[in-house]
Structures are given as C-alpha cells and as structure tokens.
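To start, the structure itself, in structure tokens.
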Amino acid sequence: MSEKGAVTVARTVLQQCLRATLQVRPAEEDSEAQFVQIERGMVIYICFFKGATDDILPKMVSSLLNLRLCESDSGKMVSVAELPGSLLIVPQATLGGKCKGRAMQYHNNISKEDGLRLYGAFVSLCERELTAAAVTVKHGTYGNRQVLKLDTNGPYTHLMEF
C-alpha cells in the first residue's frame with residue numbers, strides 16, 4: 001500500500017488460517033506458559049520502521065481488515081470482518097531485517113518503546129473496528145519471543161507495506 005517513492009514505515013504479512021495458537025508468555029519457574037488461540041480467520045504479522053507515527057494506523061487497519069483474503073464456507077473470498085472468525089496479531093520485528101553478508105540487520109526498525117506504543121494502538125484500533133462484527137481479536141506480546149502453531153488450508157500469504 002505504500003505509494004511509489006514513499007518511505008515504508010510498516011510491513012505486514014497476512015496469512016489465512018484455520019487455527020492458530022500463539023505463546024504469549026513463556027513458562028517460568030513459578031508459572032506455566034500462556035497461550036492465545038484463534039479459530040478460522042487471519043493472522044497479521046506486523047513490524048514498524050523508523051519514521052512510523054500514529055497517522056498511518058487508521059489506513060493500515062482499514063486496508064488490512066477490509067482486504068478479501070479469507071475464504072467463506074461458499075468458497076467466496078471475503079474480508080476477516082465479514083467472517084464469523086478470528087484475527088491474531090503478532091508483533092514480528094524480523095520483518096524489518098535486511099541481509100548483510102550472511103547475517104540479518106535490523107537498523108531500520110523503530111525503537112522498542114515507540115514500537116510498543118504503536119503496536120498497542122494498532123491492536124486497539126483493530127479491536128474497535130471489529131467490535132460490531134462477529135470477529136474475535138487476539139494478539140501477541142510485543143518484545144517477547146513467541147511460539148506459533150498455525151494450521152492453514154494452503155500457503156495463502158501476502159506481504160503489504162505502508
């Protein structure tokens with residue numbers, strides 16, 4: 001969605017899914033690991049880059065939630081908002097990586113503090129937009145390594161930049 005010549009401030013990957021389970025807190029000495037789970041719907045992996053501000057969030061939310069990437073029972077492609085389904089939002093800083101030699105570098109990623117704030121605002125906007133729809137919204141924990149188990153009916157993955 002970023003226009004030609006415009007600087008990319010966010011990158012997302014969208015994945016249609018039948019079921020997904022995401023670990024949001026690892027097991028610790030005194031507690032078990034915590035997970036969130038969704039059924040049929042869509043997973044959004046998201047990464048913010050330097051220069052990203054709150055101004056881009058409404059456009060991102062509108063574009064991502066209204067894109068017809070989910071298959072309905074009839075086989076017709078619909079948006080996640082049109083499904084009785086679920087949305088899982090996963091912070092994914094590695095989407096900002098660039099290869100240098102045989103290693104990945106993440107110099108263009110936003111600071112952790114600003115990324116956390118934008119991620120929280122993005123999740124809140126998605127929840128607000130999907131309140132009226134029969135869509136459950138779950139999300140991962142920003143800044144933590146997370147374990148994802150994904151069942152899908154095909155490698156139906158899309159990259160979008162803003």
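We label chains A, B, ... in the order they appear in the structure tokens, count residues from 1 in each chain, and number ligands from 1 in the order shown.
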
Find the spatial neighbours of Phe162 (chain A), counting only C-alpha atoms, within a cut-off of 10 Å - ignore same-chain residues fewer than 6 positions away - and output them as a PyMOL selection string.
chain A and resi 1-3+6-12+48-49+52+56-57+59-60+63

For the selection just defined, write its residues with N, CA, C and O atoms to a file, as an mmCIF file, in the first residue's frame.
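Result written to result14.cif:
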data_model
loop_
_atom_site.group_PDB
_atom_site.id
_atom_site.type_symbol
_atom_site.label_atom_id
_atom_site.label_comp_id
_atom_site.auth_asym_id
_atom_site.auth_seq_id
_atom_site.Cartn_x
_atom_site.Cartn_y
_atom_site.Cartn_z
ATOM 1 N N MET A 1 0.806 -1.179 0.000
ATOM 2 C CA MET A 1 0.000 0.000 0.000
ATOM 3 C C MET A 1 0.858 1.256 0.000
ATOM 4 O O MET A 1 0.324 2.331 -0.126
ATOM 5 N N SER A 2 2.164 1.138 0.218
ATOM 6 C CA SER A 2 2.948 2.364 0.171
ATOM 7 C C SER A 2 3.050 2.810 -1.277
ATOM 8 O O SER A 2 3.168 2.010 -2.191
ATOM 9 N N GLU A 3 2.941 4.117 -1.443
ATOM 10 C CA GLU A 3 2.943 4.676 -2.791
ATOM 11 C C GLU A 3 4.356 4.719 -3.342
ATOM 12 O O GLU A 3 5.329 4.761 -2.590
ATOM 13 N N ALA A 6 7.406 6.566 -1.833
ATOM 14 C CA ALA A 6 7.156 6.845 -0.425
ATOM 15 C C ALA A 6 8.038 5.943 0.438
ATOM 16 O O ALA A 6 8.393 4.842 0.046
ATOM 17 N N VAL A 7 8.380 6.439 1.612
ATOM 18 C CA VAL A 7 9.176 5.670 2.552
ATOM 19 C C VAL A 7 8.272 4.660 3.258
ATOM 20 O O VAL A 7 7.187 4.998 3.720
ATOM 21 N N THR A 8 8.707 3.422 3.333
ATOM 22 C CA THR A 8 7.949 2.384 4.028
ATOM 23 C C THR A 8 8.131 2.564 5.530
ATOM 24 O O THR A 8 9.261 2.621 6.012
ATOM 25 N N VAL A 9 6.999 2.649 6.266
ATOM 26 C CA VAL A 9 7.067 2.824 7.715
ATOM 27 C C VAL A 9 6.526 1.605 8.469
ATOM 28 O O VAL A 9 6.660 1.524 9.682
ATOM 29 N N ALA A 10 5.907 0.678 7.736
ATOM 30 C CA ALA A 10 5.414 -0.544 8.372
ATOM 31 C C ALA A 10 5.332 -1.648 7.329
ATOM 32 O O ALA A 10 5.067 -1.389 6.158
ATOM 33 N N ARG A 11 5.558 -2.863 7.777
ATOM 34 C CA ARG A 11 5.444 -4.023 6.898
ATOM 35 C C ARG A 11 4.567 -5.050 7.618
ATOM 36 O O ARG A 11 4.729 -5.284 8.813
ATOM 37 N N THR A 12 3.655 -5.630 6.855
ATOM 38 C CA THR A 12 2.786 -6.660 7.410
ATOM 39 C C THR A 12 2.802 -7.884 6.503
ATOM 40 O O THR A 12 3.012 -7.766 5.303
ATOM 41 N N PHE A 48 7.037 -2.249 12.636
ATOM 42 C CA PHE A 48 7.107 -0.814 12.369
ATOM 43 C C PHE A 48 8.554 -0.401 12.155
ATOM 44 O O PHE A 48 9.468 -0.914 12.811
ATOM 45 N N PHE A 49 8.754 0.537 11.244
ATOM 46 C CA PHE A 49 10.081 1.053 10.931
ATOM 47 C C PHE A 49 10.244 2.466 11.472
ATOM 48 O O PHE A 49 9.256 3.123 11.820
ATOM 49 N N ALA A 52 7.660 5.732 11.543
ATOM 50 C CA ALA A 52 6.235 5.383 11.694
ATOM 51 C C ALA A 52 5.618 6.245 12.795
ATOM 52 O O ALA A 52 6.232 6.477 13.834
ATOM 53 N N ILE A 56 -0.419 6.689 10.436
ATOM 54 C CA ILE A 56 -0.547 5.593 9.466
ATOM 55 C C ILE A 56 -1.520 4.513 9.945
ATOM 56 O O ILE A 56 -2.043 3.741 9.140
ATOM 57 N N LEU A 57 -1.804 4.462 11.228
ATOM 58 C CA LEU A 57 -2.584 3.360 11.792
ATOM 59 C C LEU A 57 -4.000 3.222 11.227
ATOM 60 O O LEU A 57 -4.399 2.113 10.869
ATOM 61 N N LYS A 59 -5.207 3.986 8.307
ATOM 62 C CA LYS A 59 -5.114 3.468 6.940
ATOM 63 C C LYS A 59 -4.743 1.980 6.959
ATOM 64 O O LYS A 59 -5.308 1.179 6.214
ATOM 65 N N MET A 60 -3.797 1.614 7.815
ATOM 66 C CA MET A 60 -3.385 0.215 7.918
ATOM 67 C C MET A 60 -4.552 -0.660 8.351
ATOM 68 O O MET A 60 -4.824 -1.689 7.737
ATOM 69 N N SER A 63 -7.250 -0.934 5.611
ATOM 70 C CA SER A 63 -6.781 -1.756 4.488
ATOM 71 C C SER A 63 -6.716 -3.230 4.850
ATOM 72 O O SER A 63 -7.197 -4.090 4.104
#

Skipping near chain neighbours, those fewer than 3 positions away, what residues fall within 12 Å of Ser72 (chain A) using only C-alpha atoms, listed as a ChimeraX atom specification?
/A:16-18,40-41,68-69,75-85

Quick one: of A:His139, A:Arg117, A:Arg128, A:Lys50, who's nearest to Val24 (chain A), counting only C-alpha atoms?
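Distance minimum relative to Val24 (chain A) lands on A:His139.
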
Please identify which residues in region 90-156 of chain A DSSP calls strand (DSSP E or B) from the backbone, and express them as a count of residues only.
18

All residues 12 Å or closer to Lys112 (chain A), only C-alpha atoms, same chain fewer than 4 positions away omitted, as a list in words:
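Result of the neighbour search: Cys47, Phe48, Phe49, Lys50, Pro91, Gln92, Ala93, Tyr106, Asn108, Leu116, Arg117, Leu118, Tyr119, Tyr142, Gly143 and Asn144 of chain A.
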
Could you write out that same residue set with N, CA and C atoms as a PDB file, in the first residue's frame?
ATOM      1  N   CYS A  47       5.402  -5.197  11.694  1.00  0.00           N
ATOM      2  CA  CYS A  47       6.674  -4.584  12.085  1.00  0.00           C
ATOM      3  C   CYS A  47       6.630  -3.107  11.704  1.00  0.00           C
ATOM      4  N   PHE A  48       7.037  -2.249  12.636  1.00  0.00           N
ATOM      5  CA  PHE A  48       7.107  -0.814  12.369  1.00  0.00           C
ATOM      6  C   PHE A  48       8.554  -0.401  12.155  1.00  0.00           C
ATOM      7  N   PHE A  49       8.754   0.537  11.244  1.00  0.00           N
ATOM      8  CA  PHE A  49      10.081   1.053  10.931  1.00  0.00           C
ATOM      9  C   PHE A  49      10.244   2.466  11.472  1.00  0.00           C
ATOM     10  N   LYS A  50      11.494   2.943  11.487  1.00  0.00           N
ATOM     11  CA  LYS A  50      11.763   4.327  11.874  1.00  0.00           C
ATOM     12  C   LYS A  50      10.907   5.243  11.013  1.00  0.00           C
ATOM     13  N   PRO A  91       3.357  -9.356  16.759  1.00  0.00           N
ATOM     14  CA  PRO A  91       4.471  -8.445  16.502  1.00  0.00           C
ATOM     15  C   PRO A  91       5.650  -9.239  15.958  1.00  0.00           C
ATOM     16  N   GLN A  92       6.254  -8.757  14.886  1.00  0.00           N
ATOM     17  CA  GLN A  92       7.294  -9.545  14.213  1.00  0.00           C
ATOM     18  C   GLN A  92       8.414  -8.623  13.746  1.00  0.00           C
ATOM     19  N   ALA A  93       9.318  -8.278  14.646  1.00  0.00           N
ATOM     20  CA  ALA A  93      10.415  -7.364  14.331  1.00  0.00           C
ATOM     21  C   ALA A  93      11.299  -7.883  13.206  1.00  0.00           C
ATOM     22  N   TYR A 106      18.864  -5.127  11.608  1.00  0.00           N
ATOM     23  CA  TYR A 106      17.555  -4.527  11.849  1.00  0.00           C
ATOM     24  C   TYR A 106      17.664  -3.035  12.165  1.00  0.00           C
ATOM     25  N   ASN A 108      16.739  -0.461  10.545  1.00  0.00           N
ATOM     26  CA  ASN A 108      15.617   0.378  10.133  1.00  0.00           C
ATOM     27  C   ASN A 108      14.392   0.220  11.039  1.00  0.00           C
ATOM     28  N   LEU A 116       6.303  -0.495  20.725  1.00  0.00           N
ATOM     29  CA  LEU A 116       5.332  -0.993  21.697  1.00  0.00           C
ATOM     30  C   LEU A 116       4.088  -0.100  21.712  1.00  0.00           C
ATOM     31  N   ARG A 117       4.293   1.208  21.707  1.00  0.00           N
ATOM     32  CA  ARG A 117       3.169   2.145  21.721  1.00  0.00           C
ATOM     33  C   ARG A 117       2.332   2.017  20.456  1.00  0.00           C
ATOM     34  N   LEU A 118       2.979   1.982  19.278  1.00  0.00           N
ATOM     35  CA  LEU A 118       2.256   1.851  18.013  1.00  0.00           C
ATOM     36  C   LEU A 118       1.542   0.498  17.911  1.00  0.00           C
ATOM     37  N   TYR A 119       2.193  -0.545  18.375  1.00  0.00           N
ATOM     38  CA  TYR A 119       1.586  -1.876  18.352  1.00  0.00           C
ATOM     39  C   TYR A 119       0.312  -1.889  19.209  1.00  0.00           C
ATOM     40  N   TYR A 142       4.342  -7.775  22.605  1.00  0.00           N
ATOM     41  CA  TYR A 142       5.417  -7.049  21.940  1.00  0.00           C
ATOM     42  C   TYR A 142       6.719  -7.219  22.718  1.00  0.00           C
ATOM     43  N   GLY A 143       7.780  -7.526  21.997  1.00  0.00           N
ATOM     44  CA  GLY A 143       9.103  -7.622  22.604  1.00  0.00           C
ATOM     45  C   GLY A 143       9.475  -8.998  23.119  1.00  0.00           C
ATOM     46  N   ASN A 144       8.542  -9.950  23.098  1.00  0.00           N
ATOM     47  CA  ASN A 144       8.837 -11.316  23.547  1.00  0.00           C
ATOM     48  C   ASN A 144       8.978 -12.244  22.359  1.00  0.00           C
TER      49      ASN A 144
END
